[in-house]
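Student: The following block contains the structure, expressed as structure tokens.
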Amino acid sequence: MQVLLIIAATACAADRQSQRDTTWAAHFISAAERIEARARSVGMARLHDVRAEQAELRGWMETVSTEMALGGAEAQGPGHYALGCGERVLGRETEALAQLEAAWSAGFRDPRVAWVRAQLLSERYRALRLEAIAAPDADERKAREQDAESKYREPVLTLLRQAAGAESPSTDYGAALVAMHEDRLDAALALLEAVNTKHPWFVEARLMRADVLLLRAAWHWREQRTKESGEDMTASFQALTNARATAESFAPAHLALGRYEAAAMNLVRTAYGESVLRLSIDDDEEQGPAQTGLAALDAATRIDPGHAGFACEKARFLTMLAERPNTYGGFLSLRSRAVEAAQHALTLEPASACGRMEWTRVMVQETEAVLKESRVDFYKLQEALDLLEAVPPSGRDLAFHLLRARLLQLWTEADLQVGSWRVGSNGWKHQEQAIEAWRSAVAIEKRVAAYWVQLGELLLARASNPTAKDVDQDLEPADKAVWHAMGGGSTKAAEVWLLWAHTEVAHALRKRAQGETAPWRFEQAAHHLRNALLDGAHNPTLHHELGLVLLEHARETWEHGGDPTALLQQAEAAQAQAAKMAPSLDLSKFGQAAVHAARAEYAWWRGADPTEEAERADALYSQARPYFKTRKDQQFVGRMKVSHVLARHQLEQGQDPEPVLKRPWESLDMIERIGQDRVLRHRATGTMFRLRARHSARTDPEKAEKEFVEAEKSYEEALQVEPLNREVRLEEGHLFREWAVVRKAAKQDSEPLLSKGLALADALLKERPNWPEALLLRAALLRTKDPASAQAREDRDAALKANANLAPGWMRQFPEDGPKAP
């Protein structure tokens, strides 16, 4: 009997518990419905500032929180559900999901909870898919689509199964969600059409239909069905227009139109280029997609002026447009409006990562534009970096690292305006920071080839720096970057083939620096560029790059005694093709000039007249009108090289080389001379004084002595900056020999000069064994010191065996080595 009483008491207690649970559930479900109904009525009113109504809703939510505290454990699950519904109508997705998950964890497994969670996750899925459409890079689009599918498809489908019976206002809408997440777009559209017919007030169905139509339009576009794609895009736009007309104060409808315009503009850009966009920023008479999108985003901010996320969406849209404005005036307008929107976002939410990033993006865009024409404001770059570094760790996602990498990479390019990168310089530090930023990006996202290309090119740039201490430390990860960028060999992107070509050339140059040869590397590089040209035949830069590789291969052939003629012809043809496609492009002029300069140099070594080729090279270099300081330096280097070839030839003909030596300097104003790279400037000055001294020695030994001193001083200045520069040390070694010859003829002590020269030659041969030019330098120094030197003969024979192309030049220097007269 006692046991039965205990059982009965327990049953009654359980029944009362169940009643309390049911009461709280019904109460909070009713509260949630009241909140949702009030929000819907506000959204369907004429467009107005809804902050007063939102304050009212927050008051209701505070009441729910109070009742939850009073209700104890039984009230927690349904209370969190009501709060989740409230956060959702206030546009706070993250907070809404957190409340709904708390409701589920507290044991409130009502289908309504699963239904609201499913809708929220589905909206995130659709937002990611639209971002994928808007991504200009094909690999990035694919990666974002994969992320959307892997992150949201199964969770949404699972929640929809758990939400069976809770679909509102009809089961067709829930079925349409299932169809969309199963990628049955046609079925989803048919179901949504039925929902729109029966429930025209249900704006969410119209917005979903617009998204599905745009997703199908993107699929048609990739299949090159432009007609079907255009029809779907028009229908999607109309669905959004209807949604906005139905619920003028429903901010998500206006935001959806802004996102549609961003996705649509970037979708069509991939095929037709910028001209189809018709941004119409400065033309009030024509309403283009840019103005339509901005007007929609403005409407969202009018509805809820205090929402930082809306201000950020507007800033993001404006910076997207500023990437390719119709006019410079349009760029200025976009930049100014973007900064205003980003600053407003930070005013509303001081910790906003988006506000800082979009503001930074504007400064990066501005600096990129300035870099093409004038000097960069480095204070602005520092301001941009400081702003970006203030983003809290929680906001440092992939977009953050990509922007930081872009900023730092831009800074390294700007640093070249004031001098070359060297270990320890600001440029070197910024380059290292850019490399680490790209490494952070690829650590998060490994599937996008373009990110690996940027990392690989920076690593190669650092490896090619003459002051780099461990080249292999960068070449190895550059190889890995190529492997990742290739994605198993499936990619056809031109920039990937270009990176691979650059990597092959870097390895070949590394072998050359070590005294070895790898001609097959140049052949592979040319092969990769020809692969790039299969899909990029109209890209002048690829033809130019192919010409550079062929020219470097020609040099490799020449340095090992071969005939570079065929390779030079191919290089010239590639540069001519680049010039044909872009007649005003400086690259093609530089490329063609470099080919003629090489021909002039090789002609001089062979004993032929280099004048015609040198003059053609100088004319092409002179015609270029480079904006970048680095290009101006390259122009000076090219003109200096051909002037020195001509000067040497004229010296051998007994002529005064002074007029041709002046040429490169006459094209520079005083500011450019002062701002030149120091190694370049001092090396050029040293060679000029050296050639002048050789001419002066014939008639004025005292003047020649002064010019030799100036030449040595200039070379030493260059070596203070780059102590290991082999080309400068080789030239200084020849200076000491030529100076010693003049002193010896004047019966003066030449021994100190010969000793300096031999020390340089020995050091060069230790670093690069069997280097023919260094062997001939040592042979000439030893021959000057002792005409019967056995070591001189041994060095000469080794050098000419390695590169027979140097024999004519040696014979002109030491004619006694030629065949004896009969």
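Following the order of the structure tokens, first chain is A, next is B, and so on, with residues numbered from 1 inside each chain and ligands from 1 in the order they appear.
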So that I can see what lies close to Trp497 of chain A, please list as number ranges by chain the residues with an atom at most 8 Å from it, counting only C-alpha atoms and leaving out residues fewer than 2 positions away in the same chain.

Tutor: A: 492-495, 499-501, 528-529, 531-532

Student: When you look at Pro808 of chain A with a cut-off of 9 Å (counting only C-alpha atoms), what residues show up, excluding the ones that are within fewer than 3 positions of it in the same chain? I need them as a PyMOL selection string.

Tutor: chain A and resi 605-607+804-805+811-813

Student: Ranking A:Arg404, A:Lys142, A:Arg729, A:Arg206 by minimum distance to Ala235 of chain A and counting only C-alpha atoms, which one comes first?

Tutor: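 Among the listed residues, A:Arg206 lies closest to Ala235 of chain A.
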
Student: Could you please write out, as a ChimeraX atom specification, every residue of segment 360-515 of chain A that DSSP assigns to alpha helix (DSSP H)?

Tutor: /A:360-371,378-389,398-415,426-444,449-463,472-486,494-513

Student: Can you build me a table of segment 751-770 of chain A residues sitting at most 12 Å from segment 740-747 of chain A, with the closest atom pair per residue and its distance in Å to one decimal, using only C-alpha atoms, sorted by chain and residue number, as CSV?

Tutor:
```
residue,atom,partner,partner_atom,distance
A:Glu751,CA,A:Ala740,CA,7.5
A:Pro752,CA,A:Ala740,CA,8.5
A:Leu753,CA,A:Ala740,CA,5.8
A:Leu754,CA,A:Ala740,CA,6.4
A:Ser755,CA,A:Ala740,CA,10.0
A:Lys756,CA,A:Ala740,CA,10.4
A:Gly757,CA,A:Ala740,CA,9.5
A:Leu758,CA,A:Ala740,CA,11.9
```

Student: Excluding Met233 of chain A and residues on its chain fewer than 5 positions from it, collect all residues at most 12 Å away from it, counting only C-alpha atoms, and give them as a list in words.

Tutor: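 So, after excluding close chain neighbours, the residues are Arg209, Ala210, Asp211, Val212, Leu213, Leu214, Leu215, Arg216, Ala217, Ala218, Trp219, His220, Trp221, Thr226, Lys227, Glu228, Gln238, Ala239, Leu240, Leu257, Tyr260, Glu261, Ala263, Ala264, Met265, Leu267 and Val268 of chain A.
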
Student: Rounded to one decimal, what separation in Å do you get between atom CA of Ala537 of chain A and atom CA of Val549 of chain A?

Tutor: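 Taking atom CA of Ala537 of chain A and atom CA of Val549 of chain A, their separation equals 16.8 Å.
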
Student: Taking 2 positions as the minimum chain separation for residues in the same chain, which residues sit within 12 Å of Gly355 of chain A when counting only C-alpha atoms? Answer as a ChimeraX atom specification.

Tutor: /A:308-316,319,338-353,357-362,387-388,390-391,395,400

Student: Would you save the residues from that selection as a short mmCIF file (atom, residue, chain, number, x, y, z; two decimals), in the first residue's frame, using N, CA, C and O atoms?

Tutor:
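The result, written out as selection_21.cif:
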```
data_model
loop_
_atom_site.label_atom_id
_atom_site.label_comp_id
_atom_site.auth_asym_id
_atom_site.auth_seq_id
_atom_site.Cartn_x
_atom_site.Cartn_y
_atom_site.Cartn_z
N ALA A 308 25.19 48.67 -37.69
CA ALA A 308 26.56 48.77 -38.22
C ALA A 308 26.77 47.85 -39.41
O ALA A 308 27.52 48.17 -40.34
N GLY A 309 26.10 46.71 -39.39
CA GLY A 309 26.26 45.76 -40.49
C GLY A 309 25.78 46.31 -41.82
O GLY A 309 26.37 46.05 -42.87
N PHE A 310 24.69 47.11 -41.79
CA PHE A 310 24.18 47.70 -43.03
C PHE A 310 25.17 48.72 -43.59
O PHE A 310 25.41 48.78 -44.80
N ALA A 311 25.73 49.54 -42.70
CA ALA A 311 26.74 50.52 -43.13
C ALA A 311 27.94 49.82 -43.74
O ALA A 311 28.53 50.27 -44.72
N CYS A 312 28.28 48.68 -43.16
CA CYS A 312 29.44 47.92 -43.67
C CYS A 312 29.13 47.30 -45.03
O CYS A 312 30.00 47.27 -45.90
N GLU A 313 27.91 46.82 -45.21
CA GLU A 313 27.53 46.28 -46.53
C GLU A 313 27.67 47.35 -47.60
O GLU A 313 28.12 47.10 -48.71
N LYS A 314 27.27 48.56 -47.26
CA LYS A 314 27.37 49.66 -48.21
C LYS A 314 28.83 49.97 -48.52
O LYS A 314 29.22 50.17 -49.68
N ALA A 315 29.67 50.01 -47.49
CA ALA A 315 31.09 50.27 -47.69
C ALA A 315 31.71 49.19 -48.57
O ALA A 315 32.50 49.47 -49.49
N ARG A 316 31.34 47.94 -48.33
CA ARG A 316 31.88 46.82 -49.10
C ARG A 316 31.45 46.92 -50.57
O ARG A 316 32.23 46.66 -51.48
N THR A 319 33.54 49.77 -52.22
CA THR A 319 34.92 49.41 -52.51
C THR A 319 34.99 48.39 -53.64
O THR A 319 35.95 48.38 -54.42
N ALA A 338 32.83 55.38 -49.75
CA ALA A 338 33.19 54.15 -49.05
C ALA A 338 33.80 54.47 -47.69
O ALA A 338 33.50 53.81 -46.68
N VAL A 339 34.70 55.46 -47.65
CA VAL A 339 35.31 55.85 -46.38
C VAL A 339 34.24 56.35 -45.41
O VAL A 339 34.24 56.01 -44.22
N GLU A 340 33.31 57.15 -45.92
CA GLU A 340 32.22 57.66 -45.08
C GLU A 340 31.40 56.51 -44.49
O GLU A 340 31.07 56.51 -43.30
N ALA A 341 31.09 55.51 -45.32
CA ALA A 341 30.30 54.37 -44.84
C ALA A 341 31.09 53.55 -43.82
O ALA A 341 30.54 53.11 -42.80
N ALA A 342 32.39 53.33 -44.08
CA ALA A 342 33.22 52.56 -43.14
C ALA A 342 33.35 53.29 -41.81
O ALA A 342 33.28 52.68 -40.73
N GLN A 343 33.56 54.61 -41.86
CA GLN A 343 33.66 55.39 -40.63
C GLN A 343 32.34 55.37 -39.85
O GLN A 343 32.34 55.31 -38.62
N HIS A 344 31.23 55.40 -40.60
CA HIS A 344 29.92 55.33 -39.93
C HIS A 344 29.75 53.99 -39.23
O HIS A 344 29.22 53.92 -38.10
N ALA A 345 30.21 52.92 -39.89
CA ALA A 345 30.13 51.59 -39.27
C ALA A 345 30.93 51.55 -37.98
O ALA A 345 30.49 50.97 -36.98
N LEU A 346 32.10 52.18 -37.97
CA LEU A 346 32.94 52.21 -36.77
C LEU A 346 32.31 53.09 -35.68
O LEU A 346 32.49 52.82 -34.49
N THR A 347 31.60 54.13 -36.07
CA THR A 347 30.91 54.96 -35.10
C THR A 347 29.82 54.15 -34.39
O THR A 347 29.65 54.24 -33.18
N LEU A 348 29.12 53.34 -35.19
CA LEU A 348 28.04 52.52 -34.63
C LEU A 348 28.58 51.35 -33.83
O LEU A 348 27.97 50.92 -32.84
N GLU A 349 29.72 50.81 -34.29
CA GLU A 349 30.30 49.64 -33.62
C GLU A 349 31.83 49.79 -33.64
O GLU A 349 32.49 49.38 -34.58
N PRO A 350 32.41 50.40 -32.60
CA PRO A 350 33.85 50.71 -32.59
C PRO A 350 34.74 49.49 -32.83
O PRO A 350 35.87 49.64 -33.32
N ALA A 351 34.26 48.29 -32.51
CA ALA A 351 35.08 47.09 -32.70
C ALA A 351 34.88 46.45 -34.06
O ALA A 351 35.40 45.37 -34.32
N SER A 352 34.16 47.12 -34.95
CA SER A 352 33.82 46.53 -36.26
C SER A 352 35.06 46.20 -37.08
O SER A 352 35.81 47.10 -37.48
N ALA A 353 35.28 44.91 -37.33
CA ALA A 353 36.39 44.50 -38.20
C ALA A 353 36.13 44.94 -39.63
O ALA A 353 37.04 45.39 -40.33
N MET A 357 38.49 47.18 -42.14
CA MET A 357 39.00 46.56 -43.36
C MET A 357 38.59 47.32 -44.61
O MET A 357 39.39 47.51 -45.53
N GLU A 358 37.34 47.78 -44.66
CA GLU A 358 36.91 48.51 -45.86
C GLU A 358 37.57 49.87 -45.95
O GLU A 358 37.90 50.34 -47.04
N TRP A 359 37.80 50.51 -44.82
CA TRP A 359 38.53 51.78 -44.82
C TRP A 359 39.97 51.54 -45.30
O TRP A 359 40.50 52.30 -46.12
N THR A 360 40.57 50.48 -44.81
CA THR A 360 41.92 50.12 -45.27
C THR A 360 41.93 49.83 -46.76
O THR A 360 42.84 50.25 -47.49
N ARG A 361 40.90 49.12 -47.22
CA ARG A 361 40.84 48.76 -48.64
C ARG A 361 40.83 50.01 -49.54
O ARG A 361 41.45 50.05 -50.59
N VAL A 362 40.13 51.04 -49.07
CA VAL A 362 40.09 52.29 -49.84
C VAL A 362 41.49 52.89 -49.95
O VAL A 362 41.92 53.33 -51.03
N LEU A 387 45.53 50.76 -39.01
CA LEU A 387 44.08 50.56 -38.95
C LEU A 387 43.74 49.08 -39.04
O LEU A 387 42.88 48.57 -38.31
N LEU A 388 44.44 48.38 -39.93
CA LEU A 388 44.17 46.96 -40.12
C LEU A 388 44.63 46.15 -38.92
O LEU A 388 43.96 45.19 -38.50
N ALA A 390 44.52 46.94 -35.99
CA ALA A 390 43.61 47.13 -34.85
C ALA A 390 42.41 46.18 -34.89
O ALA A 390 41.62 46.16 -33.95
N VAL A 391 42.29 45.42 -35.98
CA VAL A 391 41.20 44.43 -36.05
C VAL A 391 41.44 43.37 -34.97
O VAL A 391 42.54 42.80 -34.90
N GLY A 395 38.27 38.81 -35.54
CA GLY A 395 37.88 39.26 -36.87
C GLY A 395 38.90 38.99 -37.95
O GLY A 395 38.72 39.40 -39.10
N PHE A 400 40.68 39.19 -44.02
CA PHE A 400 41.66 40.04 -43.33
C PHE A 400 43.07 39.75 -43.83
O PHE A 400 43.83 40.67 -44.18
#
```

Student: Residues within 10 Å of Met640 of chain A, please, as a PyMOL selection string. Count only C-alpha atoms; anything in the same chain fewer than 4 positions from it doesn't count.

Tutor: chain A and resi 618+634-636+644-646+660-665+684-685+687-688

Student: Please, what distance in Å, to one decimal, runs between atom CA of Arg681 of chain A and atom CA of Pro657 of chain A?

Tutor: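 Atom-to-atom, atom CA of Arg681 of chain A to atom CA of Pro657 of chain A, that is 19.2 Å.
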
Student: Report as a list in words all protein, DNA and RNA residues lying within 8 Å of segment 94-99 of chain A, evaluated on only C-alpha atoms, omitting residues in the same chain fewer than 5 positions from it.

Tutor: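 In the requested format, the answer is His80, Tyr81, Leu83, Gly84, Cys85, Gly86, Glu87, Arg88, Arg117 and Leu120 of chain A.
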
Student: Next, the residues of the selection above should be written as a PDB file, in the first residue's frame with N, CA, C and O atoms.

Tutor:
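Once written, again_32.pdb looks like this:
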```pdb
ATOM      1  N   HIS A  80      14.471  30.682 -24.440  1.00  0.00           N
ATOM      2  CA  HIS A  80      15.553  30.905 -25.412  1.00  0.00           C
ATOM      3  C   HIS A  80      15.005  30.894 -26.841  1.00  0.00           C
ATOM      4  O   HIS A  80      15.470  31.639 -27.708  1.00  0.00           O
ATOM      5  N   TYR A  81      13.990  30.029 -27.073  1.00  0.00           N
ATOM      6  CA  TYR A  81      13.378  29.994 -28.407  1.00  0.00           C
ATOM      7  C   TYR A  81      12.734  31.343 -28.728  1.00  0.00           C
ATOM      8  O   TYR A  81      12.934  31.890 -29.830  1.00  0.00           O
ATOM      9  N   LEU A  83      13.456  34.259 -27.461  1.00  0.00           N
ATOM     10  CA  LEU A  83      14.512  35.261 -27.648  1.00  0.00           C
ATOM     11  C   LEU A  83      15.209  35.080 -28.997  1.00  0.00           C
ATOM     12  O   LEU A  83      15.589  36.061 -29.651  1.00  0.00           O
ATOM     13  N   GLY A  84      15.396  33.829 -29.421  1.00  0.00           N
ATOM     14  CA  GLY A  84      15.997  33.566 -30.722  1.00  0.00           C
ATOM     15  C   GLY A  84      15.170  34.148 -31.853  1.00  0.00           C
ATOM     16  O   GLY A  84      15.695  34.750 -32.798  1.00  0.00           O
ATOM     17  N   CYS A  85      13.834  34.003 -31.738  1.00  0.00           N
ATOM     18  CA  CYS A  85      12.946  34.587 -32.756  1.00  0.00           C
ATOM     19  C   CYS A  85      13.061  36.110 -32.744  1.00  0.00           C
ATOM     20  O   CYS A  85      13.055  36.754 -33.800  1.00  0.00           O
ATOM     21  N   GLY A  86      13.188  36.674 -31.542  1.00  0.00           N
ATOM     22  CA  GLY A  86      13.326  38.121 -31.443  1.00  0.00           C
ATOM     23  C   GLY A  86      14.621  38.616 -32.054  1.00  0.00           C
ATOM     24  O   GLY A  86      14.641  39.619 -32.791  1.00  0.00           O
ATOM     25  N   GLU A  87      15.730  37.936 -31.769  1.00  0.00           N
ATOM     26  CA  GLU A  87      17.025  38.333 -32.340  1.00  0.00           C
ATOM     27  C   GLU A  87      16.992  38.233 -33.870  1.00  0.00           C
ATOM     28  O   GLU A  87      17.564  39.052 -34.578  1.00  0.00           O
ATOM     29  N   ARG A  88      16.262  37.230 -34.362  1.00  0.00           N
ATOM     30  CA  ARG A  88      16.210  37.053 -35.809  1.00  0.00           C
ATOM     31  C   ARG A  88      15.506  38.229 -36.480  1.00  0.00           C
ATOM     32  O   ARG A  88      15.987  38.758 -37.485  1.00  0.00           O
ATOM     33  N   ARG A 117      15.942  27.557 -36.978  1.00  0.00           N
ATOM     34  CA  ARG A 117      17.386  27.314 -37.201  1.00  0.00           C
ATOM     35  C   ARG A 117      17.655  26.955 -38.653  1.00  0.00           C
ATOM     36  O   ARG A 117      18.625  27.436 -39.254  1.00  0.00           O
ATOM     37  N   LEU A 120      17.599  30.114 -40.784  1.00  0.00           N
ATOM     38  CA  LEU A 120      18.781  30.946 -40.581  1.00  0.00           C
ATOM     39  C   LEU A 120      20.010  30.364 -41.285  1.00  0.00           C
ATOM     40  O   LEU A 120      20.761  31.078 -41.964  1.00  0.00           O
TER      41      LEU A 120
END
```

Student: Glu732 of chain A: which residues within 10 Å, counting only C-alpha atoms, same-chain residues fewer than 4 positions away excluded, as a list in words?

Tutor: Arg683, Gly686, Thr687, Arg690, Ala711, Glu712, Ser714, Tyr715, Glu716, Leu719, Arg726, Glu727, Val728, Phe736, Arg737, Glu738, Lys756, Gly757, Leu760 and Ala761 of chain A

Student: Find the residue from A:Ala132, A:Met44, A:Ala166, A:Ala295 that sits nearest to Asn266 of chain A; use only C-alpha atoms when measuring.

Tutor: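 Selected residue with least distance to Asn266 of chain A: A:Ala132.
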
Student: Please, which residues in segment 444-531 of chain A fall within 10 Å of segment 406-412 of chain A when counting only C-alpha atoms, and what is the closest atom pair and distance in Å to one decimal for each, ordered by chain then residue number, as a tab-separated table?

Tutor:
```
residue	atom	partner	partner_atom	distance
A:Gln454	CA	A:Gln409	CA	9.0
A:Leu455	CA	A:Gln409	CA	9.9
A:Leu458	CA	A:Gln409	CA	8.3
```

Student: Select, from A:Gly456, A:Pro787, A:Gly638, A:Gly174, the residue with the minimum atom-to-atom distance to Glu615 of chain A, counting only C-alpha atoms.

Tutor: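 Of the candidates, the smallest distance to Glu615 of chain A is held by A:Gly638.
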
Student: Find the distance between atom CA of Arg510 of chain A and atom CA of Asp633 of chain A and write it in Å to one decimal.

Tutor: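 Atom CA of Asp633 of chain A lies at a distance of 23.9 Å from atom CA of Arg510 of chain A.
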